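Asker: Here you go, this is model.txt (compact mmCIF, C-alpha atoms).
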```txt
# COMPACT_ATOMS: atom_id res chain seq x y z
CA MET A 1299 -5.67 -16.20 23.66
CA ASN A 1300 -2.42 -17.29 22.16
CA ALA A 1301 0.63 -15.38 21.05
CA ALA A 1302 4.00 -15.69 19.39
CA GLY A 1303 6.95 -13.51 20.34
CA ASN A 1304 10.70 -14.06 20.10
CA ASN A 1305 11.99 -17.44 18.96
CA THR A 1306 14.78 -19.42 20.60
CA LEU A 1307 17.43 -17.94 18.28
CA GLY A 1308 16.63 -14.44 19.46
CA THR A 1309 15.15 -13.34 16.11
CA THR A 1310 12.07 -11.17 16.50
CA VAL A 1311 9.00 -12.65 14.84
CA PRO A 1312 5.57 -11.03 14.49
CA ALA A 1313 3.55 -11.30 17.72
CA LEU A 1314 -0.02 -12.43 17.07
CA ASP A 1315 -2.68 -12.44 19.76
CA TRP A 1316 -6.45 -12.77 19.78
CA THR A 1317 -9.50 -12.20 21.96
CA LEU A 1318 -12.77 -14.09 21.56
CA THR A 1319 -16.26 -13.03 22.72
CA ASP A 1320 -19.63 -14.63 22.03
CA CYS A 1321 -20.03 -12.56 18.85
CA ALA A 1322 -16.57 -11.57 17.55
CA VAL A 1323 -12.88 -12.38 17.44
CA THR A 1324 -10.26 -9.61 17.46
CA ILE A 1325 -6.68 -10.11 16.30
CA THR A 1326 -3.65 -8.02 17.22
CA LEU A 1327 -0.28 -7.92 15.47
CA ASN A 1328 2.65 -6.58 17.51
CA GLY A 1329 0.16 -4.89 19.84
CA THR A 1330 -1.93 -3.25 17.09
CA THR A 1331 -5.49 -4.41 16.52
CA VAL A 1332 -5.45 -5.27 12.81
CA ALA A 1333 -8.71 -7.18 12.42
CA SER A 1334 -12.04 -7.82 14.07
CA TYR A 1335 -14.42 -10.42 12.68
CA VAL A 1336 -18.04 -10.21 13.82
CA PHE A 1337 -19.55 -13.67 13.32
CA ARG A 1338 -22.86 -12.89 15.06
CA ALA A 1339 -24.16 -9.70 13.45
CA PRO A 1340 -26.86 -7.77 15.36
CA ASP A 1341 -28.11 -6.00 12.23
CA ALA A 1342 -31.67 -5.36 11.11
CA GLN A 1343 -33.17 -7.86 8.67
CA LYS A 1344 -33.17 -5.27 5.86
CA GLU A 1345 -29.36 -5.18 6.08
CA SER A 1346 -29.10 -8.97 5.55
CA PRO A 1347 -27.32 -9.82 8.84
CA ARG A 1348 -24.07 -11.66 8.06
CA PRO A 1349 -20.50 -11.88 9.36
CA TYR A 1350 -18.10 -9.10 8.46
CA PHE A 1351 -14.58 -7.80 9.09
CA TYR A 1352 -14.45 -4.38 10.71
CA PRO A 1353 -12.13 -2.75 11.36
CA LEU A 1354 -9.21 -3.88 9.23
CA ARG A 1355 -6.03 -1.92 9.95
CA THR A 1356 -2.54 -1.81 8.51
CA PRO A 1357 0.39 -2.89 10.74
CA ASP A 1358 0.86 0.77 11.71
CA GLY A 1359 -2.80 1.06 12.71
CA SER A 1360 -4.46 2.87 9.79
CA ASN A 1361 -8.08 1.79 9.34
CA VAL A 1362 -8.84 0.85 5.72
CA THR A 1363 -12.55 0.04 6.18
CA VAL A 1364 -15.84 1.75 6.95
CA TYR A 1365 -18.90 0.49 8.85
CA ARG A 1366 -22.54 1.24 7.91
CA PRO A 1367 -21.88 4.32 5.71
CA HIS A 1368 -25.00 6.48 5.52
CA ASP A 1369 -25.41 5.94 1.77
CA HIS A 1370 -25.41 2.12 2.08
CA LEU A 1371 -25.97 1.00 5.66
CA TRP A 1372 -25.50 -2.64 4.63
CA HIS A 1373 -21.87 -2.07 3.59
CA LYS A 1374 -19.67 -3.31 6.43
CA GLY A 1375 -15.89 -3.40 6.09
CA VAL A 1376 -15.20 -6.60 4.17
CA ALA A 1377 -17.96 -9.18 3.87
CA TRP A 1378 -19.00 -12.16 1.74
CA SER A 1379 -22.28 -10.91 0.30
CA LEU A 1380 -24.49 -12.05 -2.60
CA PRO A 1381 -27.28 -9.71 -3.79
CA HIS A 1382 -28.88 -12.07 -6.35
CA PHE A 1383 -28.99 -15.53 -4.81
CA GLY A 1384 -31.95 -16.83 -6.76
CA PRO A 1385 -34.82 -14.59 -5.64
CA ASP A 1386 -33.10 -13.86 -2.32
CA ASN A 1387 -30.79 -11.04 -1.25
CA PHE A 1388 -27.84 -11.88 1.00
CA TRP A 1389 -26.24 -8.47 0.41
CA GLY A 1390 -28.64 -6.16 2.18
CA GLY A 1391 -30.71 -3.20 1.10
CA PRO A 1392 -33.11 -3.08 -1.86
CA SER A 1393 -32.95 -5.54 -4.77
CA TYR A 1394 -32.49 -4.56 -8.41
CA ARG A 1395 -35.16 -5.92 -10.74
CA ARG A 1396 -35.14 -5.71 -14.52
CA ASP A 1397 -37.07 -2.65 -15.81
CA LYS A 1398 -38.11 -1.80 -12.23
CA ASP A 1399 -34.87 -0.39 -10.74
CA TYR A 1400 -34.19 -0.99 -7.02
CA GLN A 1401 -37.05 -2.14 -4.83
CA TRP A 1402 -37.44 -2.98 -1.18
CA LEU A 1403 -38.60 -6.60 -1.15
CA PRO A 1404 -39.23 -9.12 1.64
CA ASN A 1405 -36.19 -11.12 0.52
CA ASN A 1406 -33.29 -10.07 2.77
CA GLY A 1407 -31.78 -13.28 4.08
CA ARG A 1408 -29.35 -13.77 6.94
CA MET A 1409 -26.24 -15.86 7.70
CA ASP A 1410 -26.40 -17.47 11.13
CA HIS A 1411 -23.31 -18.58 13.04
CA LEU A 1412 -23.61 -22.15 14.33
CA GLU A 1413 -20.31 -23.23 15.89
CA ILE A 1414 -16.61 -22.45 16.02
CA LEU A 1415 -14.40 -25.14 14.51
CA GLU A 1416 -10.96 -23.54 15.03
CA CYS A 1417 -9.54 -20.48 16.75
CA ALA A 1418 -5.77 -20.54 17.26
CA VAL A 1419 -2.31 -19.27 16.39
CA SER A 1420 -0.19 -21.89 14.66
CA ASN A 1421 2.96 -21.73 12.50
CA GLY A 1422 3.03 -17.95 12.66
CA SER A 1423 -0.56 -17.35 11.52
CA PHE A 1424 -3.92 -16.94 13.23
CA THR A 1425 -6.81 -19.08 11.96
CA PHE A 1426 -10.53 -18.99 12.69
CA ALA A 1427 -13.11 -21.39 11.22
CA HIS A 1428 -16.83 -21.79 11.81
CA ARG A 1429 -20.05 -23.21 10.40
CA LEU A 1430 -23.01 -21.12 9.25
CA HIS A 1431 -26.54 -21.48 7.92
CA TRP A 1432 -28.01 -19.21 5.27
CA VAL A 1433 -31.70 -18.59 5.96
CA THR A 1434 -34.13 -16.64 3.76
CA GLN A 1435 -36.35 -13.92 5.16
CA GLY A 1436 -39.19 -16.44 4.89
CA GLY A 1437 -37.28 -18.86 7.12
CA ASP A 1438 -36.05 -21.42 4.57
CA LEU A 1439 -32.60 -22.97 4.99
CA VAL A 1440 -30.76 -22.73 1.67
CA VAL A 1441 -27.03 -23.03 2.39
CA GLY A 1442 -24.79 -24.74 4.89
CA GLU A 1443 -21.39 -23.04 4.89
CA THR A 1444 -17.98 -23.77 6.37
CA ARG A 1445 -15.88 -20.61 6.47
CA LYS A 1446 -12.24 -20.16 7.41
CA PHE A 1447 -9.90 -17.21 7.49
CA SER A 1448 -6.27 -16.68 8.44
CA VAL A 1449 -4.18 -13.64 9.33
CA VAL A 1450 -0.67 -14.00 7.88
CA PRO A 1451 1.93 -11.36 8.92
CA GLY A 1452 4.30 -9.86 6.37
CA GLU A 1453 6.80 -7.02 5.95
CA GLY A 1454 4.91 -3.74 6.29
CA ALA A 1455 1.72 -5.63 5.48
CA TRP A 1456 -0.39 -8.60 6.45
CA THR A 1457 -2.63 -10.90 4.44
CA LEU A 1458 -6.16 -12.09 5.13
CA ILE A 1459 -6.83 -15.51 3.60
CA PHE A 1460 -10.58 -16.05 3.15
CA ASP A 1461 -11.96 -19.51 2.33
CA THR A 1462 -15.64 -20.35 1.98
CA SER A 1463 -17.25 -23.69 1.17
CA MET A 1464 -21.01 -23.51 0.55
CA ASP A 1465 -23.38 -26.49 0.28
CA ASN A 1466 -26.70 -26.02 -1.49
CA VAL A 1467 -29.10 -27.68 0.94
CA SER A 1468 -32.24 -26.00 -0.42
CA GLY A 1469 -33.34 -28.99 -2.49
CA ARG A 1470 -33.40 -26.90 -5.68
CA ASP A 1471 -31.02 -25.33 -8.18
CA ILE A 1472 -30.19 -21.68 -7.46
CA ASN A 1473 -28.97 -19.20 -10.07
CA ILE A 1474 -26.47 -16.73 -8.61
CA GLY A 1475 -26.16 -13.42 -10.43
CA SER A 1476 -25.85 -9.67 -9.94
CA PRO A 1477 -27.62 -6.43 -10.82
CA THR A 1478 -25.89 -6.68 -14.21
CA THR A 1479 -27.35 -10.12 -14.96
CA GLU A 1480 -30.69 -8.50 -14.04
CA GLY A 1481 -30.15 -5.70 -16.57
CA ARG A 1482 -28.14 -2.94 -14.85
CA GLU A 1483 -25.05 -2.15 -16.93
CA ASN A 1484 -21.59 -2.63 -15.38
CA ALA A 1485 -22.93 -3.17 -11.85
CA GLY A 1486 -22.03 -6.81 -11.34
CA TYR A 1487 -21.14 -6.57 -7.65
CA GLY A 1488 -21.39 -9.55 -5.35
CA GLY A 1489 -18.85 -11.76 -3.58
CA LEU A 1490 -16.07 -10.71 -1.20
CA PHE A 1491 -16.61 -6.95 -1.08
CA TRP A 1492 -14.44 -4.24 0.48
CA ARG A 1493 -15.72 -0.74 1.30
CA GLY A 1494 -13.01 1.80 2.08
CA PRO A 1495 -13.05 4.83 4.39
CA ARG A 1496 -14.51 8.14 3.21
CA SER A 1497 -11.05 9.65 2.82
CA PHE A 1498 -10.24 7.05 0.14
CA THR A 1499 -12.79 8.65 -2.19
CA GLY A 1500 -10.92 9.64 -5.32
CA GLY A 1501 -8.14 7.17 -4.59
CA THR A 1502 -6.34 5.09 -7.19
CA ILE A 1503 -7.51 1.73 -8.56
CA VAL A 1504 -4.60 -0.25 -10.01
CA GLY A 1505 -4.48 -3.55 -11.87
CA PRO A 1506 -1.77 -5.83 -13.25
CA GLY A 1507 0.41 -4.19 -15.87
CA GLY A 1508 -0.13 -0.71 -14.44
CA ALA A 1509 -3.66 -0.11 -15.72
CA THR A 1510 -5.53 2.35 -13.52
CA GLY A 1511 -8.95 3.92 -12.99
CA GLU A 1512 -12.59 2.95 -12.99
CA ALA A 1513 -12.27 1.61 -16.52
CA LEU A 1514 -11.03 -1.54 -14.75
CA ARG A 1515 -14.57 -2.20 -13.51
CA GLY A 1516 -15.89 -5.23 -15.35
CA THR A 1517 -12.48 -6.31 -16.63
CA ARG A 1518 -10.85 -9.64 -15.75
CA ALA A 1519 -7.64 -9.89 -13.73
CA ALA A 1520 -6.03 -12.13 -11.14
CA TRP A 1521 -5.79 -9.21 -8.70
CA LEU A 1522 -6.74 -5.58 -8.16
CA ALA A 1523 -5.47 -2.94 -5.76
CA PHE A 1524 -6.65 0.35 -4.26
CA ILE A 1525 -4.35 3.06 -2.92
CA GLY A 1526 -5.85 5.73 -0.67
CA GLN A 1527 -4.92 8.44 1.81
CA HIS A 1528 -6.20 8.89 5.34
CA ASP A 1529 -7.59 11.98 7.01
CA GLU A 1530 -5.80 13.39 10.06
CA THR A 1531 -2.56 11.41 9.68
CA GLU A 1532 -2.06 11.93 5.91
CA ALA A 1533 -0.82 8.34 5.83
CA VAL A 1534 -1.24 6.33 2.63
CA SER A 1535 -2.33 2.68 2.57
CA THR A 1536 -2.70 -0.07 -0.02
CA VAL A 1537 -5.42 -2.72 -0.20
CA LEU A 1538 -4.86 -5.53 -2.70
CA MET A 1539 -7.26 -8.41 -3.38
CA VAL A 1540 -6.20 -11.65 -5.08
CA ASP A 1541 -8.45 -14.30 -6.63
CA ASP A 1542 -7.34 -17.90 -6.09
CA SER A 1543 -6.48 -19.70 -9.33
CA GLY A 1544 -8.70 -22.61 -8.25
CA ASN A 1545 -11.88 -20.50 -8.20
CA ALA A 1546 -14.34 -21.52 -10.92
CA GLN A 1547 -14.55 -18.07 -12.56
CA HIS A 1548 -10.81 -17.27 -12.34
CA PRO A 1549 -9.72 -14.71 -13.35
CA PRO A 1550 -12.86 -12.88 -12.24
CA GLN A 1551 -14.41 -9.68 -13.40
CA TRP A 1552 -13.95 -6.93 -10.82
CA PHE A 1553 -16.31 -4.41 -9.33
CA ALA A 1554 -14.40 -1.31 -8.25
CA ARG A 1555 -15.12 2.37 -7.72
CA SER A 1556 -13.22 5.40 -6.46
CA GLU A 1557 -16.19 7.78 -6.85
CA PRO A 1558 -18.50 8.53 -5.09
CA PHE A 1559 -16.87 6.12 -2.64
CA ALA A 1560 -14.04 3.59 -2.53
CA CYS A 1561 -14.92 -0.07 -2.98
CA MET A 1562 -13.57 -3.18 -4.63
CA GLY A 1563 -14.19 -6.88 -4.98
CA PRO A 1564 -13.76 -9.89 -7.28
CA ALA A 1565 -17.25 -10.52 -8.65
CA PRO A 1566 -17.60 -14.15 -9.85
CA PHE A 1567 -21.22 -13.61 -10.92
CA PHE A 1568 -20.70 -10.20 -12.57
CA SER A 1569 -22.11 -10.67 -16.08
CA GLU A 1570 -23.31 -14.29 -16.21
CA GLU A 1571 -25.51 -16.24 -13.85
CA VAL A 1572 -23.92 -19.34 -12.33
CA ASN A 1573 -26.10 -22.35 -11.60
CA PHE A 1574 -25.62 -23.64 -8.05
CA ALA A 1575 -27.09 -27.12 -8.34
CA ALA A 1576 -29.07 -28.73 -5.54
CA GLY A 1577 -26.71 -30.71 -3.34
CA ALA A 1578 -23.59 -29.14 -4.91
CA THR A 1579 -20.67 -27.54 -3.07
CA MET A 1580 -19.19 -24.20 -4.17
CA ARG A 1581 -15.79 -23.14 -2.86
CA ASN A 1582 -14.12 -19.74 -3.24
CA ARG A 1583 -10.80 -18.54 -1.84
CA TYR A 1584 -9.26 -15.07 -1.75
CA ALA A 1585 -6.34 -13.15 -0.28
CA VAL A 1586 -6.67 -9.55 0.91
CA VAL A 1587 -3.41 -7.69 1.54
CA ILE A 1588 -3.50 -4.75 3.98
CA ALA A 1589 -0.32 -2.70 3.60
CA ASP A 1590 1.18 0.49 4.96
CA GLY A 1591 2.22 3.07 2.38
CA GLY A 1592 1.56 3.63 -1.27
CA SER A 1593 2.61 1.09 -3.88
CA GLU A 1594 4.20 1.39 -7.30
CA ALA A 1595 3.94 -1.38 -9.87
CA GLU A 1596 6.92 -3.32 -8.53
CA ARG A 1597 5.64 -3.42 -4.98
CA LEU A 1598 2.13 -4.34 -6.10
CA ALA A 1599 3.53 -7.27 -8.05
CA GLU A 1600 5.51 -8.36 -4.98
CA LEU A 1601 2.46 -8.08 -2.71
CA ALA A 1602 0.35 -10.05 -5.18
CA GLY A 1603 3.02 -12.72 -5.47
CA ALA A 1604 3.29 -13.08 -1.69
CA ALA A 1605 -0.51 -13.32 -1.46
CA VAL A 1606 -0.61 -16.09 -4.05
CA GLU A 1607 2.08 -17.95 -2.08
CA ALA A 1608 0.04 -17.51 1.12
CA LEU A 1609 -3.04 -18.91 -0.64
CA GLU A 1610 -1.04 -21.93 -1.81
CA GLN A 1611 0.41 -22.58 1.64
CA ALA A 1612 -3.00 -22.26 3.29
CA ALA A 1613 -4.39 -24.85 0.89
CA VAL A 1614 -1.88 -27.49 2.06
CA PRO A 1615 -3.35 -29.68 4.85
CA ALA A 1616 -1.55 -29.30 8.19
```
Mind turning the file's structure into structure tokens?
Answerer:
Amino acid sequence: MNAAGNNTLGTTVPALDWTLTDCAVTITLNGTTVASYVFRAPDAQKESPRPYFYPLRTPDGSNVTVYRPHDHLWHKGVAWSLPHFGPDNFWGGPSYRRDKDYQWLPNNGRMDHLEILECAVSNGSFTFAHRLHWVTQGGDLVVGETRKFSVVPGEGAWTLIFDTSMDNVSGRDINIGSPTTEGRENAGYGGLFWRGPRSFTGGTIVGPGGATGEALRGTRAAWLAFIGQHDETEAVSTVLMVDDSGNAQHPPQWFARSEPFACMGPAPFFSEEVNFAAGATMRNRYAVVIADGGSEAERLAELAGAAVEALEQAAVPA
């Protein structure tokens, strides 16, 4: 564990701390557990075992994620998940096939943790990095991945910086798509995906310029936000996701819903398949802002701007 408290000038700075086990790392901010990242998932094969963030909480402790909801057991907080990775499913659950709807197929792959590369607090942020292998249900190794994330404190909010670098080690080209590229209209999910708590159902989806609602699904934007209210406490929270300008499909199309449940994610393979050539490397970076309170247009723009700045700073070598 490592922590930061007061500096030598007596100015209070955010206190970050972390705890590591053999399967997860948990991060606290000023004594509140704001994130837990499970890098060794114990899930059944049909749920495509893979790392995930759950819970994610605002600085005041409101949980903005859900784990294994009964309607989609393979939805877990925030996770990097790809449902149409060639013939394989690294999302979980059944696979959509053109003119055949969803089918349970023997194609649910898994992402296996190999080793931790970094786990530390430095310069006011917490960073964790590790290596993974993507393995098909049939046992074939298809991807070697290096993944890194950081927790960056802010005012009334904190930002998760997510960075993935995937190497195609399968020996063949792989087309990455979505249910939409397979024929299902406006269902191009896949990528870094957030599933909100049940109480966020019916919440507000907001995009740049003040556009709102599920009509934003499938549209392109640099960022998207979701504002929802919690049961019991009546507190309101904001989740905002930002696509890095260096991503190949920037600005991405977005998959977002407020009914029958809350979810959101930049979907780089929404409406067109992307060829992942044998031996190639694919990198994607995102920022996820977890904020206390609701957000009007001005605050959303400020949160998005701070997230872009955090992405830029994280990209600079130490």
Asker: Can you tell me how far CA of Gly1481 (chain A) sits from CA of Gln1435 (chain A), in Å to one decimal?
Answerer: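 Interatomic distance, CA of Gly1481 (chain A) to CA of Gln1435 (chain A): 24.0 Å.
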Asker: Could you pull out every residue with an atom within 10 Å of (1.6, -0.4, -5.4), file coordinates, counting only C-alpha atoms, and send them as a PDB file with C-alpha atoms, keeping the file's coordinate frame?
Answerer:
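Dumped to selection08.pdb:
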```pdb
ATOM      1  CA  THR A1502      -6.340   5.090  -7.190  1.00  0.00           C
ATOM      2  CA  ILE A1503      -7.510   1.730  -8.560  1.00  0.00           C
ATOM      3  CA  VAL A1504      -4.600  -0.250 -10.010  1.00  0.00           C
ATOM      4  CA  GLY A1505      -4.480  -3.550 -11.870  1.00  0.00           C
ATOM      5  CA  GLY A1508      -0.130  -0.710 -14.440  1.00  0.00           C
ATOM      6  CA  ALA A1523      -5.470  -2.940  -5.760  1.00  0.00           C
ATOM      7  CA  PHE A1524      -6.650   0.350  -4.260  1.00  0.00           C
ATOM      8  CA  ILE A1525      -4.350   3.060  -2.920  1.00  0.00           C
ATOM      9  CA  SER A1535      -2.330   2.680   2.570  1.00  0.00           C
ATOM     10  CA  THR A1536      -2.700  -0.070  -0.020  1.00  0.00           C
ATOM     11  CA  VAL A1537      -5.420  -2.720  -0.200  1.00  0.00           C
ATOM     12  CA  LEU A1538      -4.860  -5.530  -2.700  1.00  0.00           C
ATOM     13  CA  ALA A1589      -0.320  -2.700   3.600  1.00  0.00           C
ATOM     14  CA  GLY A1591       2.220   3.070   2.380  1.00  0.00           C
ATOM     15  CA  GLY A1592       1.560   3.630  -1.270  1.00  0.00           C
ATOM     16  CA  SER A1593       2.610   1.090  -3.880  1.00  0.00           C
ATOM     17  CA  GLU A1594       4.200   1.390  -7.300  1.00  0.00           C
ATOM     18  CA  ALA A1595       3.940  -1.380  -9.870  1.00  0.00           C
ATOM     19  CA  GLU A1596       6.920  -3.320  -8.530  1.00  0.00           C
ATOM     20  CA  ARG A1597       5.640  -3.420  -4.980  1.00  0.00           C
ATOM     21  CA  LEU A1598       2.130  -4.340  -6.100  1.00  0.00           C
ATOM     22  CA  ALA A1599       3.530  -7.270  -8.050  1.00  0.00           C
ATOM     23  CA  GLU A1600       5.510  -8.360  -4.980  1.00  0.00           C
ATOM     24  CA  LEU A1601       2.460  -8.080  -2.710  1.00  0.00           C
ATOM     25  CA  ALA A1602       0.350 -10.050  -5.180  1.00  0.00           C
TER      26      ALA A1602
END
```
Asker: Just checking: using all atoms listed in the file, which residue out of A:His1548, A:Arg1496, A:Arg1583, A:Lys1374 ends up closest to Tyr1335 (chain A)?
Answerer: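 Looking at the shortest contact to Tyr1335 (chain A), the residue is A:Lys1374.
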Asker: Check the smallest atom-to-atom distance from each of A:Val1450, A:Ile1474, A:Ala1339, A:Val1376 to Ile1325 (chain A) using all atoms listed in the file, then report the winner.
Answerer: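 Answer, going by the shortest atom-to-atom distance: A:Val1450.
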Asker: Calculate how many Å separate CA of Thr1434 (chain A) from CA of Gly1384 (chain A), rounding to one decimal.
Answerer: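 Separation of CA of Thr1434 (chain A) and CA of Gly1384 (chain A): 10.7 Å.
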Asker: Find the distance between CA of Ala1565 (chain A) and CA of Arg1581 (chain A) and write it in Å to one decimal.
Answerer: 14.0 Å
Asker: For Gly1359 (chain A), work out the shell of residues within 10 Å, counting all atoms listed in the file and skipping chain neighbours fewer than 5 positions away, then give it as a list in words.
Answerer: Leu1327, Gly1329, Thr1330, Thr1331, Val1332, Leu1354 and Asp1590 of chain A
Asker: For Leu1371 (chain A), which residue out of A:Asp1341, A:Asp1386, A:Asp1358, A:Asp1397 is the nearest one, using only C-alpha atoms?
Answerer: A:Asp1341
Asker: Can you pull out the residues contacting region 1416-1432 of chain A? Cut-off 6 Å, using all atoms listed in the file, and skip same-chain residues under 6 positions away; I want them as a ChimeraX atom specification.
Answerer: /A:1408-1410,1439-1450
Asker: Counting only C-alpha atoms, which residues sit no farther than 12 Å from the position (-29.1, -8.2, 3.1) in the file's frame? I'd like them as a PyMOL selection string.
Answerer: chain A and resi 1339+1341-1349+1370-1374+1377-1383+1386-1393+1402-1409+1432-1435+1488
Asker: Let's have the selection written as a JSON list (two decimals), keeping the file's coordinate frame, with C-alpha atoms.
Answerer:
```json
[["chain", "number", "residue", "atom", "x", "y", "z"],
["A", 1339, "ALA", "CA", -24.16, -9.70, 13.45],
["A", 1341, "ASP", "CA", -28.11, -6.00, 12.23],
["A", 1342, "ALA", "CA", -31.67, -5.36, 11.11],
["A", 1343, "GLN", "CA", -33.17, -7.86, 8.67],
["A", 1344, "LYS", "CA", -33.17, -5.27, 5.86],
["A", 1345, "GLU", "CA", -29.36, -5.18, 6.08],
["A", 1346, "SER", "CA", -29.10, -8.97, 5.55],
["A", 1347, "PRO", "CA", -27.32, -9.82, 8.84],
["A", 1348, "ARG", "CA", -24.07, -11.66, 8.06],
["A", 1349, "PRO", "CA", -20.50, -11.88, 9.36],
["A", 1370, "HIS", "CA", -25.41, 2.12, 2.08],
["A", 1371, "LEU", "CA", -25.97, 1.00, 5.66],
["A", 1372, "TRP", "CA", -25.50, -2.64, 4.63],
["A", 1373, "HIS", "CA", -21.87, -2.07, 3.59],
["A", 1374, "LYS", "CA", -19.67, -3.31, 6.43],
["A", 1377, "ALA", "CA", -17.96, -9.18, 3.87],
["A", 1378, "TRP", "CA", -19.00, -12.16, 1.74],
["A", 1379, "SER", "CA", -22.28, -10.91, 0.30],
["A", 1380, "LEU", "CA", -24.49, -12.05, -2.60],
["A", 1381, "PRO", "CA", -27.28, -9.71, -3.79],
["A", 1382, "HIS", "CA", -28.88, -12.07, -6.35],
["A", 1383, "PHE", "CA", -28.99, -15.53, -4.81],
["A", 1386, "ASP", "CA", -33.10, -13.86, -2.32],
["A", 1387, "ASN", "CA", -30.79, -11.04, -1.25],
["A", 1388, "PHE", "CA", -27.84, -11.88, 1.00],
["A", 1389, "TRP", "CA", -26.24, -8.47, 0.41],
["A", 1390, "GLY", "CA", -28.64, -6.16, 2.18],
["A", 1391, "GLY", "CA", -30.71, -3.20, 1.10],
["A", 1392, "PRO", "CA", -33.11, -3.08, -1.86],
["A", 1393, "SER", "CA", -32.95, -5.54, -4.77],
["A", 1402, "TRP", "CA", -37.44, -2.98, -1.18],
["A", 1403, "LEU", "CA", -38.60, -6.60, -1.15],
["A", 1404, "PRO", "CA", -39.23, -9.12, 1.64],
["A", 1405, "ASN", "CA", -36.19, -11.12, 0.52],
["A", 1406, "ASN", "CA", -33.29, -10.07, 2.77],
["A", 1407, "GLY", "CA", -31.78, -13.28, 4.08],
["A", 1408, "ARG", "CA", -29.35, -13.77, 6.94],
["A", 1409, "MET", "CA", -26.24, -15.86, 7.70],
["A", 1432, "TRP", "CA", -28.01, -19.21, 5.27],
["A", 1433, "VAL", "CA", -31.70, -18.59, 5.96],
["A", 1434, "THR", "CA", -34.13, -16.64, 3.76],
["A", 1435, "GLN", "CA", -36.35, -13.92, 5.16],
["A", 1488, "GLY", "CA", -21.39, -9.55, -5.35]]
```
Asker: Assuming the input is short of atoms at region 1481-1492 of chain A, produce N, CA, C and O atoms for that part as a PDB file, keeping the file's coordinate frame.
Answerer:
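That gives us part.pdb:
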```pdb
ATOM      1  N   GLY A1481     -29.916  -6.769 -15.600  1.00  0.00           N
ATOM      2  CA  GLY A1481     -30.150  -5.700 -16.570  1.00  0.00           C
ATOM      3  C   GLY A1481     -29.469  -4.379 -16.294  1.00  0.00           C
ATOM      4  O   GLY A1481     -29.509  -3.477 -17.149  1.00  0.00           O
ATOM      5  N   ARG A1482     -28.806  -4.209 -15.139  1.00  0.00           N
ATOM      6  CA  ARG A1482     -28.140  -2.940 -14.850  1.00  0.00           C
ATOM      7  C   ARG A1482     -26.704  -3.004 -15.363  1.00  0.00           C
ATOM      8  O   ARG A1482     -25.912  -3.847 -14.926  1.00  0.00           O
ATOM      9  N   GLU A1483     -26.342  -2.108 -16.256  1.00  0.00           N
ATOM     10  CA  GLU A1483     -25.050  -2.150 -16.930  1.00  0.00           C
ATOM     11  C   GLU A1483     -23.881  -1.918 -15.967  1.00  0.00           C
ATOM     12  O   GLU A1483     -23.896  -1.003 -15.149  1.00  0.00           O
ATOM     13  N   ASN A1484     -22.876  -2.775 -16.082  1.00  0.00           N
ATOM     14  CA  ASN A1484     -21.590  -2.630 -15.380  1.00  0.00           C
ATOM     15  C   ASN A1484     -21.758  -2.466 -13.876  1.00  0.00           C
ATOM     16  O   ASN A1484     -21.043  -1.705 -13.232  1.00  0.00           O
ATOM     17  N   ALA A1485     -22.684  -3.213 -13.299  1.00  0.00           N
ATOM     18  CA  ALA A1485     -22.930  -3.170 -11.850  1.00  0.00           C
ATOM     19  C   ALA A1485     -22.998  -4.588 -11.296  1.00  0.00           C
ATOM     20  O   ALA A1485     -23.902  -4.936 -10.555  1.00  0.00           O
ATOM     21  N   GLY A1486     -21.988  -5.386 -11.670  1.00  0.00           N
ATOM     22  CA  GLY A1486     -22.030  -6.810 -11.340  1.00  0.00           C
ATOM     23  C   GLY A1486     -21.485  -7.174  -9.982  1.00  0.00           C
ATOM     24  O   GLY A1486     -20.851  -8.217  -9.820  1.00  0.00           O
ATOM     25  N   TYR A1487     -21.704  -6.322  -8.978  1.00  0.00           N
ATOM     26  CA  TYR A1487     -21.140  -6.570  -7.650  1.00  0.00           C
ATOM     27  C   TYR A1487     -21.755  -7.817  -6.991  1.00  0.00           C
ATOM     28  O   TYR A1487     -22.857  -8.232  -7.290  1.00  0.00           O
ATOM     29  N   GLY A1488     -20.981  -8.364  -6.086  1.00  0.00           N
ATOM     30  CA  GLY A1488     -21.390  -9.550  -5.350  1.00  0.00           C
ATOM     31  C   GLY A1488     -20.202 -10.469  -5.146  1.00  0.00           C
ATOM     32  O   GLY A1488     -19.440 -10.725  -6.089  1.00  0.00           O
ATOM     33  N   GLY A1489     -19.997 -10.930  -3.912  1.00  0.00           N
ATOM     34  CA  GLY A1489     -18.850 -11.760  -3.580  1.00  0.00           C
ATOM     35  C   GLY A1489     -18.159 -11.187  -2.361  1.00  0.00           C
ATOM     36  O   GLY A1489     -18.802 -10.643  -1.466  1.00  0.00           O
ATOM     37  N   LEU A1490     -16.833 -11.294  -2.307  1.00  0.00           N
ATOM     38  CA  LEU A1490     -16.070 -10.710  -1.200  1.00  0.00           C
ATOM     39  C   LEU A1490     -15.862  -9.232  -1.517  1.00  0.00           C
ATOM     40  O   LEU A1490     -15.123  -8.871  -2.431  1.00  0.00           O
ATOM     41  N   PHE A1491     -16.503  -8.380  -0.737  1.00  0.00           N
ATOM     42  CA  PHE A1491     -16.610  -6.950  -1.080  1.00  0.00           C
ATOM     43  C   PHE A1491     -15.974  -6.105   0.008  1.00  0.00           C
ATOM     44  O   PHE A1491     -16.262  -6.274   1.199  1.00  0.00           O
ATOM     45  N   TRP A1492     -15.099  -5.176  -0.426  1.00  0.00           N
ATOM     46  CA  TRP A1492     -14.440  -4.240   0.480  1.00  0.00           C
ATOM     47  C   TRP A1492     -14.980  -2.835   0.251  1.00  0.00           C
ATOM     48  O   TRP A1492     -15.089  -2.379  -0.871  1.00  0.00           O
TER      49      TRP A1492
END
```
